[in-house]
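Q: Handing over final.tsv, TSV, C-alpha atoms.
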chain	number	residue	atom	x	y	z
A	10	THR	CA	107.07	127.32	8.30
A	11	ALA	CA	107.84	123.94	9.84
A	12	GLY	CA	105.09	121.69	11.17
A	13	ALA	CA	104.81	120.70	14.82
A	14	ALA	CA	106.53	117.32	14.58
A	15	GLU	CA	109.25	118.73	12.31
A	16	THR	CA	109.98	121.57	14.76
A	17	SER	CA	110.18	119.23	17.73
A	18	GLN	CA	112.47	116.84	15.89
A	19	ALA	CA	114.72	119.66	14.65
A	20	VAL	CA	115.27	120.99	18.18
A	21	ALA	CA	116.02	117.51	19.55
A	22	VAL	CA	118.48	116.84	16.71
A	23	ALA	CA	120.16	120.21	17.30
A	24	ILE	CA	120.65	119.60	21.02
A	25	ARG	CA	121.98	116.07	20.40
A	26	SER	CA	124.37	117.58	17.82
A	27	GLY	CA	125.82	119.99	20.38
A	28	TYR	CA	123.69	123.15	20.07
A	29	ARG	CA	122.98	124.77	23.42
A	30	HIS	CA	121.32	128.08	22.45
A	31	ILE	CA	117.69	127.68	21.34
A	32	ASP	CA	116.08	130.87	20.00
A	33	CYS	CA	112.32	130.97	20.51
A	34	ALA	CA	109.55	133.56	20.31
A	35	GLU	CA	105.90	133.85	21.20
A	36	PHE	CA	105.14	134.86	17.60
A	37	TYR	CA	106.67	131.70	16.09
A	38	LYS	CA	103.72	129.74	17.57
A	39	ASN	CA	105.85	126.66	18.17
A	40	GLN	CA	106.99	126.95	21.79
A	41	ALA	CA	104.85	123.99	22.93
A	42	GLU	CA	106.56	121.81	20.29
A	43	ILE	CA	109.96	123.04	21.45
A	44	GLY	CA	108.88	122.21	25.00
A	45	GLN	CA	108.19	118.62	23.88
A	46	ALA	CA	111.72	118.37	22.47
A	47	LEU	CA	113.20	119.81	25.67
A	48	LYS	CA	111.30	117.28	27.80
A	49	GLU	CA	112.60	114.49	25.57
A	50	VAL	CA	116.26	115.47	25.89
A	51	PHE	CA	115.93	116.22	29.60
A	52	ASP	CA	114.26	112.85	30.27
A	53	GLU	CA	116.94	111.02	28.28
A	54	GLY	CA	119.72	112.79	30.19
A	55	VAL	CA	121.20	114.34	27.01
A	56	VAL	CA	121.40	117.71	28.78
A	57	LYS	CA	120.14	119.35	31.97
A	58	ARG	CA	118.18	122.61	31.93
A	59	GLU	CA	121.22	124.55	33.13
A	60	ASP	CA	123.23	123.30	30.12
A	61	LEU	CA	120.94	125.16	27.71
A	62	PHE	CA	120.58	128.86	26.89
A	63	LEU	CA	116.92	129.49	26.12
A	64	THR	CA	115.85	132.76	24.51
A	65	SER	CA	112.30	133.95	23.83
A	66	LYS	CA	110.66	137.21	22.83
A	67	VAL	CA	107.55	139.11	23.88
A	68	TRP	CA	105.22	140.00	20.98
A	69	ASN	CA	103.95	143.46	20.08
A	70	ASN	CA	100.49	143.07	21.62
A	71	HIS	CA	101.91	142.19	25.05
A	72	HIS	CA	103.87	145.36	25.85
A	73	SER	CA	101.91	146.54	28.90
A	74	LYS	CA	103.25	145.68	32.35
A	75	ALA	CA	100.49	143.13	33.01
A	76	ASP	CA	100.77	141.59	29.54
A	77	VAL	CA	104.55	141.13	29.81
A	78	LYS	CA	104.02	139.07	32.96
A	79	SER	CA	101.29	136.90	31.43
A	80	ALA	CA	103.36	136.44	28.23
A	81	ILE	CA	106.41	135.15	30.10
A	82	ASN	CA	104.22	132.79	32.15
A	83	ASN	CA	102.70	131.37	28.95
A	84	THR	CA	106.15	130.96	27.40
A	85	LEU	CA	107.55	129.19	30.47
A	86	ARG	CA	104.52	126.89	30.56
A	87	ASP	CA	104.84	126.02	26.86
A	88	LEU	CA	108.58	125.37	27.11
A	89	GLY	CA	108.16	123.42	30.36
A	90	VAL	CA	110.87	125.35	32.21
A	91	SER	CA	110.96	127.63	35.26
A	92	TYR	CA	113.12	130.41	33.81
A	93	LEU	CA	114.55	131.83	30.58
A	94	ASP	CA	118.18	132.75	30.05
A	95	LEU	CA	117.21	135.69	27.83
A	96	TYR	CA	113.93	137.48	27.11
A	97	LEU	CA	113.73	140.08	24.32
A	98	ILE	CA	111.34	142.78	23.19
A	99	HIS	CA	110.74	141.38	19.69
A	100	TRP	CA	110.07	144.76	17.98
A	101	PRO	CA	109.89	148.43	18.97
A	102	VAL	CA	106.24	148.19	17.93
A	103	VAL	CA	102.89	148.01	19.74
A	104	SER	CA	99.84	146.31	18.25
A	105	ASP	CA	96.35	145.47	19.47
A	106	ALA	CA	96.39	142.02	17.90
A	107	PHE	CA	98.67	139.02	17.60
A	108	ASP	CA	99.62	139.98	14.05
A	109	LEU	CA	101.95	142.15	11.95
A	110	SER	CA	100.12	145.42	12.56
A	111	CYS	CA	101.17	148.54	14.42
A	112	THR	CA	98.61	150.52	16.43
A	113	PRO	CA	98.32	154.01	14.89
A	114	GLY	CA	99.13	157.11	16.93
A	115	GLU	CA	101.84	159.71	17.35
A	116	THR	CA	103.72	157.59	19.90
A	117	LEU	CA	103.85	153.97	21.02
A	118	GLN	CA	101.27	153.22	23.72
A	119	PRO	CA	102.35	151.73	26.03
A	120	PRO	CA	105.79	153.26	25.56
A	121	ILE	CA	108.89	151.07	25.40
A	122	ARG	CA	109.83	152.35	28.86
A	123	GLU	CA	106.82	150.61	30.44
A	124	THR	CA	107.69	147.37	28.64
A	125	TRP	CA	111.34	147.58	29.66
A	126	GLU	CA	110.56	148.27	33.30
A	127	ALA	CA	108.23	145.24	33.28
A	128	MET	CA	111.08	143.17	31.82
A	129	GLU	CA	113.41	144.39	34.57
A	130	GLU	CA	110.90	143.15	37.15
A	131	LEU	CA	111.05	139.67	35.58
A	132	VAL	CA	114.78	139.61	36.30
A	133	GLN	CA	114.17	140.57	39.93
A	134	GLN	CA	111.55	137.82	40.18
A	135	GLY	CA	113.96	135.18	38.85
A	136	LEU	CA	111.82	134.37	35.81
A	137	VAL	CA	114.54	135.49	33.37
A	138	LYS	CA	118.29	135.79	33.83
A	139	SER	CA	118.89	138.45	31.18
A	140	ILE	CA	116.78	140.82	29.10
A	141	GLY	CA	117.34	142.52	25.77
A	142	VAL	CA	115.80	143.79	22.56
A	143	SER	CA	115.46	142.83	18.93
A	144	ASN	CA	115.22	144.97	15.78
A	145	PHE	CA	116.24	148.14	17.64
A	146	SER	CA	118.18	150.84	15.79
A	147	ALA	CA	121.10	152.54	17.55
A	148	LYS	CA	118.82	155.53	18.16
A	149	LYS	CA	116.05	153.47	19.75
A	150	LEU	CA	118.58	151.54	21.81
A	151	GLY	CA	120.20	154.81	22.87
A	152	ASP	CA	116.82	156.14	24.01
A	153	LEU	CA	116.26	153.00	26.11
A	154	LEU	CA	119.72	153.30	27.68
A	155	THR	CA	118.79	156.72	29.12
A	156	TYR	CA	116.41	155.12	31.63
A	157	ALA	CA	117.31	151.40	31.75
A	158	LYS	CA	118.33	150.19	35.20
A	159	ILE	CA	119.45	146.96	33.52
A	160	VAL	CA	121.41	147.47	30.30
A	161	PRO	CA	120.07	145.20	27.52
A	162	ALA	CA	122.27	142.14	27.30
A	163	VAL	CA	121.54	141.64	23.61
A	164	ASN	CA	120.19	143.34	20.49
A	165	GLN	CA	119.12	140.62	18.05
A	166	VAL	CA	119.11	142.01	14.50
A	167	GLU	CA	119.57	141.00	10.89
A	168	VAL	CA	123.29	140.64	10.11
A	169	ASN	CA	125.02	138.98	7.16
A	170	PRO	CA	127.55	140.06	4.51
A	171	HIS	CA	124.75	141.73	2.53
A	172	TRP	CA	123.73	143.73	5.64
A	173	ARG	CA	126.80	144.07	7.86
A	174	GLN	CA	125.40	146.57	10.39
A	175	ASP	CA	128.93	147.78	11.22
A	176	ASN	CA	127.77	151.04	12.81
A	177	LEU	CA	125.06	149.41	14.90
A	178	ILE	CA	127.42	146.67	16.08
A	179	GLN	CA	130.01	149.28	17.07
A	180	PHE	CA	127.36	151.29	18.96
A	181	CYS	CA	126.19	148.16	20.79
A	182	ARG	CA	129.74	147.12	21.62
A	183	SER	CA	130.60	150.55	23.02
A	184	ASN	CA	127.53	150.34	25.29
A	185	GLY	CA	128.08	146.79	26.51
A	186	VAL	CA	125.29	145.27	24.40
A	187	HIS	CA	126.04	141.99	22.60
A	188	VAL	CA	124.68	141.51	19.06
A	189	THR	CA	123.04	138.27	17.93
A	190	ALA	CA	122.73	137.87	14.16
A	191	TYR	CA	119.54	136.52	12.65
A	192	SER	CA	119.21	135.70	8.92
A	193	PRO	CA	122.95	134.88	8.73
A	194	LEU	CA	122.38	132.96	5.47
A	195	GLY	CA	120.23	135.69	3.91
A	196	SER	CA	116.95	133.95	4.88
A	197	PRO	CA	116.68	131.64	1.85
A	198	GLY	CA	113.57	130.00	3.33
A	199	ASN	CA	111.68	133.25	3.83
A	200	SER	CA	111.93	134.97	0.45
A	201	ALA	CA	108.27	134.44	-0.46
A	202	GLU	CA	106.92	134.99	3.05
A	203	TRP	CA	108.78	138.25	3.55
A	204	ASN	CA	108.47	139.45	-0.06
A	205	PHE	CA	112.09	139.88	-1.06
A	206	GLU	CA	112.30	137.60	-4.10
A	207	ASP	CA	114.04	140.39	-6.01
A	208	ALA	CA	116.91	140.59	-3.51
A	209	PRO	CA	120.34	139.22	-4.49
A	210	THR	CA	120.76	135.68	-3.11
A	211	LEU	CA	123.57	135.59	-0.58
A	212	LEU	CA	124.18	131.83	-0.83
A	213	GLU	CA	124.70	132.20	-4.60
A	214	GLU	CA	127.38	134.90	-4.35
A	215	PRO	CA	130.31	133.80	-6.58
A	216	VAL	CA	132.88	135.07	-4.03
A	217	LEU	CA	131.25	132.97	-1.29
A	218	LYS	CA	130.98	129.86	-3.46
A	219	ALA	CA	134.65	130.13	-4.43
A	220	ILE	CA	135.77	130.44	-0.80
A	221	ALA	CA	133.60	127.51	0.25
A	222	GLN	CA	134.90	125.30	-2.55
A	223	ARG	CA	138.52	126.13	-1.75
A	224	LEU	CA	138.04	125.39	1.97
A	225	GLY	CA	135.98	122.25	1.42
A	226	ARG	CA	133.12	123.83	3.39
A	227	SER	CA	129.53	124.66	2.53
A	228	PRO	CA	128.57	128.27	1.73
A	229	ALA	CA	126.34	128.21	4.82
A	230	GLN	CA	129.26	127.17	7.04
A	231	CYS	CA	131.37	130.02	5.66
A	232	LEU	CA	128.60	132.54	6.36
A	233	ILE	CA	128.14	131.30	9.93
A	234	ARG	CA	131.90	131.41	10.45
A	235	TRP	CA	131.95	134.98	9.06
A	236	ALA	CA	129.27	135.98	11.58
A	237	ILE	CA	131.31	134.58	14.47
A	238	GLN	CA	134.44	136.43	13.32
A	239	HIS	CA	132.27	139.54	12.84
A	240	GLY	CA	131.83	139.53	16.63
A	241	THR	CA	128.25	138.32	16.82
A	242	SER	CA	126.57	135.20	18.07
A	243	VAL	CA	124.56	133.65	15.29
A	244	ILE	CA	121.28	131.73	14.97
A	245	PRO	CA	120.99	129.82	11.68
A	246	LYS	CA	117.59	128.23	11.08
A	247	SER	CA	117.04	124.78	9.61
A	248	THR	CA	114.83	121.73	10.07
A	249	ASN	CA	117.05	119.47	7.93
A	250	PRO	CA	119.03	117.15	10.28
A	251	ASP	CA	122.12	117.05	8.03
A	252	ARG	CA	122.21	120.83	7.66
A	253	ILE	CA	121.64	121.31	11.38
A	254	LYS	CA	124.74	119.21	12.05
A	255	SER	CA	126.74	120.85	9.26
A	256	ASN	CA	125.87	124.36	10.49
A	257	PHE	CA	127.35	123.50	13.90
A	258	ASP	CA	130.71	122.42	12.42
A	259	VAL	CA	132.15	125.95	12.45
A	260	LEU	CA	134.17	126.04	15.66
A	261	SER	CA	137.33	124.12	14.73
A	262	TRP	CA	138.43	126.30	11.79
A	263	ALA	CA	138.45	129.95	10.74
A	264	LEU	CA	138.31	132.13	7.67
A	265	SER	CA	141.58	133.77	6.75
A	266	LYS	CA	141.71	137.57	6.94
A	267	GLU	CA	141.56	137.67	3.14
A	268	ASP	CA	138.45	135.48	2.97
A	269	TYR	CA	136.75	137.34	5.83
A	270	ASP	CA	137.51	140.68	4.15
A	271	ALA	CA	136.23	139.41	0.79
A	272	LEU	CA	132.88	138.51	2.36
A	273	HIS	CA	132.94	141.76	4.31
A	274	SER	CA	133.19	143.71	1.05
A	275	LEU	CA	130.10	142.36	-0.72
A	276	GLU	CA	127.79	144.94	-2.25
A	277	PRO	CA	125.10	146.12	-2.38
A	278	GLN	CA	124.27	146.45	1.31
A	279	ARG	CA	120.56	145.79	1.65
A	280	ARG	CA	118.25	145.00	4.54
A	281	LEU	CA	116.02	142.02	3.73
A	282	LEU	CA	113.50	142.27	6.56
A	283	LYS	CA	112.35	145.86	6.10
A	284	ALA	CA	109.07	145.23	8.00
A	285	GLU	CA	107.11	147.64	5.81
A	286	TRP	CA	103.89	146.23	7.32
A	287	TYR	CA	104.52	148.41	10.40
A	288	VAL	CA	104.43	151.64	8.38
A	289	ASN	CA	101.21	153.64	8.84
A	290	ALA	CA	100.33	157.14	7.62
A	291	ASP	CA	98.82	157.81	11.07
A	292	GLY	CA	102.07	156.91	12.86
A	293	PRO	CA	104.01	156.22	14.91
A	294	TYR	CA	106.10	154.93	11.98
A	295	LYS	CA	104.99	156.92	8.96
A	296	THR	CA	107.95	155.73	6.87
A	297	LEU	CA	110.59	153.01	7.01
A	298	VAL	CA	113.03	155.79	7.95
A	299	ASP	CA	110.98	156.32	11.12
A	300	LEU	CA	111.05	152.61	11.96
A	301	TRP	CA	114.78	152.11	11.40
A	302	ASP	CA	115.85	155.74	12.01
A	303	GLY	CA	117.56	155.84	8.63
A	304	GLU	CA	120.14	153.29	9.75
How does this structure look as structure tokens?

A:
Amino acid sequence: TAGAAETSQAVAVAIRSGYRHIDCAEFYKNQAEIGQALKEVFDEGVVKREDLFLTSKVWNNHHSKADVKSAINNTLRDLGVSYLDLYLIHWPVVSDAFDLSCTPGETLQPPIRETWEAMEELVQQGLVKSIGVSNFSAKKLGDLLTYAKIVPAVNQVEVNPHWRQDNLIQFCRSNGVHVTAYSPLGSPGNSAEWNFEDAPTLLEEPVLKAIAQRLGRSPAQCLIRWAIQHGTSVIPKSTNPDRIKSNFDVLSWALSKEDYDALHSLEPQRRLLKAEWYVNADGPYKTLVDLWDGE
């Protein structure tokens, strides 16, 4: 995890390099540092607030109506802005603490419906322009769509050639929900933190390395370009200034159909962020199948 100064510098470098979408979250514990970077680029006239697309996410212990309102106010204060472009429910999980637990019980309390209706009120109040979800299966998203007055603008989920999510993306597309891809590079920086050291390393795939070498591009650039052609927006993560700039250089070229299809055919398909810490014998997610609905 990046330190405060490193985070602030990375965001400022990204915006000066042309990035306009900054993906934040309450749980990342760095929104005040991001706010410092935003103030810097605003004060210097690099961009105006309306030039940026700022996303944040409400954490699992702030799902009640009152807590959603206090969470957005804290986020806006930390970022130093008066509104968000997009606010997401980070997980279909409720916890009593600001941690990776899930409160036991047969059902989520408060239910997702209460959280979503509180999010809809934020739109009416002008505090957020759009609302959405993250880490929702097609089933959970379908349940939400039965009562949502505002259709989620986005479902932010893990997507990369090792976890294509074709069925989920098709479900979202057919319901007017855009998909944003996190972990587009296979999360090389998180392998120890998230306990998937035994997973195949996406950036080391021979097919990917051969395509990158032939195109004179980095493997990371090819993966980000694949995500764009896969129909998703994409949020690569880096604090290295050179890589931040390199990761943005993906808009003036494209993968051929053959190269896209080669990356699209990688096996095995395997979710990296399984989130097994939310599984509890007392529910509501007694197995990973319950959490992800077998998807």

Q: Which residue, A:Trp262, A:Phe145, A:Phe180, A:Phe51, has the smallest gap to Glu167 (chain A) when you use only C-alpha atoms?

A: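 Comparing A:Trp262, A:Phe145, A:Phe180, A:Phe51 against Glu167 (chain A), the winner is A:Phe145.
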
Q: Which residues are near Ala13 (chain A)? Cut-off 9 Å, only C-alpha atoms, ignore same chain within fewer than 5 positions. Put them as a VMD selection string.

A: chain A and resid 18 39 41 to 43

Q: When you count only C-alpha atoms, which of these residues is closest to Leu93 (chain A): A:Glu285, A:Asp32, A:Asp268, A:Glu15?

A: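 Comparing A:Glu285, A:Asp32, A:Asp268, A:Glu15 against Leu93 (chain A), the winner is A:Asp32.
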
Q: So that I can see what lies close to Asn184 (chain A), please list as a list in words the residues with an atom at most 9 Å from it, counting only C-alpha atoms and leaving out residues fewer than 2 positions away in the same chain.

A: Gly151, Leu154, Val160, Gln179, Phe180, Cys181, Arg182, Val186 and His187 of chain A

Q: Report, in Å to a single decimal, how far apart CA of Asn249 (chain A) and CA of Gln222 (chain A) are.

A: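 Atom-to-atom, CA of Gln222 (chain A) and CA of Asn249 (chain A) are spaced 21.5 Å apart.
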
Q: Hey, what's within 9 Å of Ile98 (chain A) if we count all atoms listed in the file and toss same-chain stuff fewer than 2 positions away? As a PyMOL selection string, please?

A: chain A and resi 65-69+72+96+100-101+121+124-125+128+140-144

Q: Would you pick out the contacts of Leu224 (chain A) at 10 Å or less, using only C-alpha atoms, so that residues sharing its chain but fewer than 5 positions from it are not included, and give the list as a PyMOL selection string?

A: chain A and resi 218-219+231+262-264

Q: How would the residues just chosen look if you wrote them out with C-alpha atoms as a CSV table (one decimal), in the coordinates of the input?

A:
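Here's the written file part-v1.csv:
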chain,number,residue,atom,x,y,z
A,218,LYS,CA,131.0,129.9,-3.5
A,219,ALA,CA,134.6,130.1,-4.4
A,231,CYS,CA,131.4,130.0,5.7
A,262,TRP,CA,138.4,126.3,11.8
A,263,ALA,CA,138.4,130.0,10.7
A,264,LEU,CA,138.3,132.1,7.7

Q: What's the separation between CA of His99 (chain A) and CA of Tyr37 (chain A), in Å to one decimal place?

A: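 Computed distance, CA of His99 (chain A) to CA of Tyr37 (chain A), equals 11.1 Å.
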
Q: Calculate, to one decimal in Å, the centre and edge lengths of the box along x, y and z of the file that holds all listed atoms of region 230-243 of chain A with 4 Å of margin on each side, and present them as lines of an AutoDock Vina configuration file.

A:
center_x = 129.5
center_y = 133.4
center_z = 11.9
size_x = 17.9
size_y = 20.4
size_z = 20.4
